[in-house]
Amino acid sequence: MLNFRRGILRNPQLIPLSIATFVSAILIVLPLDLKTTVSRIGTLSLLYPYSELDRYLRRIDSTFEANRELSRKVDSLTVLVSRLIENQYENDRLRTMLGFSLHAPMRPVPAEVVAISFGYPYKSMLIGVGTESNIGPNMPVMSAAGIVGKTIASGWRSATVQLLFDPACKVAARIQASRAQGIITYTGGNYLTMRDVPIEESALVGDSVVTSGLGGIFPEGLFIGIVIRTEARESGLFRDIKVLPGADLAALDEVFVLPATTTPTLQVGR
Amino acid sequence: MPTLFYFLTWACVTFIQVVVTPRLAIRGVFPDILIAVIIVIALRYGRLTGVWFAFALAFSIDLLDPQKLGWMTLLASFLAYGVGVVRETIYLENPWFESTMVFLGTFLYHVIYRFFPAPQFFMGNFSKMVAESFLIAVYTSAVIGLIIMIFRQRYGYRDLA
């Protein structure tokens with residue numbers, strides 16, 4: 001310690017580097033909850049005009065295209081929704097008759113995107129809801145176009161979301177048509193990879209990929225993306241499926257957090 | 001005057017890094033103006049100014065990513081110090097030298113920045129990560145080299161500082 005002080009005194013140019021190292025080290029070892037709070041305060045004060053402008057431009061980029069796409073979808077969805085409502089009633093009746101409990105309705109909590117990590121692909125973002133709205137870690141986060149990621153830490157009015165493009169984010173998924181199951185993860189590029197899908201399972205380009213509900217975090221049936229390519233492994237038993245995520249992570253303004261809900265269970269004895 | 005100059009540079013670089021740079025990305029590769037400016041400042045004004053400037057600039061951009069908070073500040077400060085040492089030993093006052101330093105510094109920074117927070121992922125995708133860092137360094141040094149050349153032709157080399 002004494003030698004260190006002598007070294008600093010002999011070479012005053014080391015002072016700023018020592019201060020920078022000290023502050024950085026403290027920031028690095030902070031728990032993620034505290035990092036989230038620091039990040040939110042900094043983003044809303046120091047970087048507020050920049051991040052607001054960035055969000056505004058991103059919104060303009062995506063609005064025109066989204067408008068055209070949405071108006072096309074609205075027509076077909078209106079018909080589909082009325083059919084689905086009928087199916088829901090029928091499904092509830094049949095589940096009751098079979099002794100299954102009903103699906104608990106999801107009550108999504110809307111959240112504003114406060115900041116998104118720098119660099120592409122985006123790996124995490126900060127949203128404007130936290131423990132105040134009963135948001136904790138490991139809650140699914142989605143946009144209207146599909147799942148976006150999950151919360152990994154939360155402060156009072158903020159939470160850090162681990163996006164699908166973070167290699168540590170893994171989602172149990174299935175191909176909607178063939179029911180083939182696998183794990184969605186990020187291994188590079190602009191798409192996700194559904195790993196460990198048995199080679200005999202069918203997976204066609206354009207098939208929808210949804211959550212399987214097996215991981216315990218994401219409820220079943222949430223849209224993830226569509227199949228764009230399949231690649232057989234060298235072993236010949238499994239293959240990897242490339243999935244294009246439905247949600248455009250670069251153009252998110254609002255997302256929805258899905259707080260934990262009851263999963264359907266078989267009630268024995270009825 | 002220097003304080004105002006540094007504040008305006010900070011404001012401009014932060015604006016470019018947050019708002020402009022992501023829109024210049026070509027297949028995920030973007031010019032890292034922040035690191036380039038830190039290298040140029042450290043080369044022209046020395047390691048003391050370089051480290052302070054790198055600390056302030058990197059800290060503000062670091063805030064955008066809570067998961068990696070602190071890493072950019074740490075690495076950028078060390079980079080500025082290292083570049084400052086180079087300035088005191090082998091500095092040559094010409095744009096090619098500065099562009100080469102920007103290239104080497106950016107490449108080194110991005111390799112280390114990708115390695116430290118997630119070493120396992122880095123080693124699993126080693127060639128991809130190194131290639132990405134290399135392309136970012138090429139893109140950055142090309143942009144910065146072009147800017148230096150234009151300023152040099154118009155205003156002369158020394159007036160740029």
# chains A, B, ... in the order shown; residues from 1 in each chain; ligands from 1
$ select_by_dssp --residues "range 36-269 of chain A" --states "strand (DSSP E)" --output "ChimeraX atom specification"
/A:109-116,124-127,140-143,146-154,159-163,171-175,181-185,192-198,208-211,223-232,238-245,254-257
$ residues_around --residues "range 94-103 of chain B" --least-positions-apart "3" --cutoff "12 Å" --atoms "only C-alpha atoms" --output "ChimeraX atom specification"
/B:31-44,79-80,82-84,86-87,90-91,106-110,133-153,156-158,160
$ closest_residue --among "A:Val29, A:Ala232, A:Val38, A:Val243" --to "Asp62 in chain B" --atoms "only C-alpha atoms"
A:Val38
$ interface_residues --of "chain B" --to "chain A" --cutoff "9 Å" --atoms "only C-alpha atoms" --output "ChimeraX atom specification"
/B:14-15,17-22,25,27-30,47-49,51-52,55,59-75,77-78,81,121,125,128
$ residues_around --residues "Thr211 in chain A" --least-positions-apart "5" --cutoff "12 Å" --atoms "only C-alpha atoms" --output "PyMOL selection string"
chain A and resi 140+142+146-149+170-176+179-184+194+216-225
$ atom_distance --atom1 "CA of Tyr186 in chain A" --atom2 "CA of Phe165 in chain A"
5.4 Å
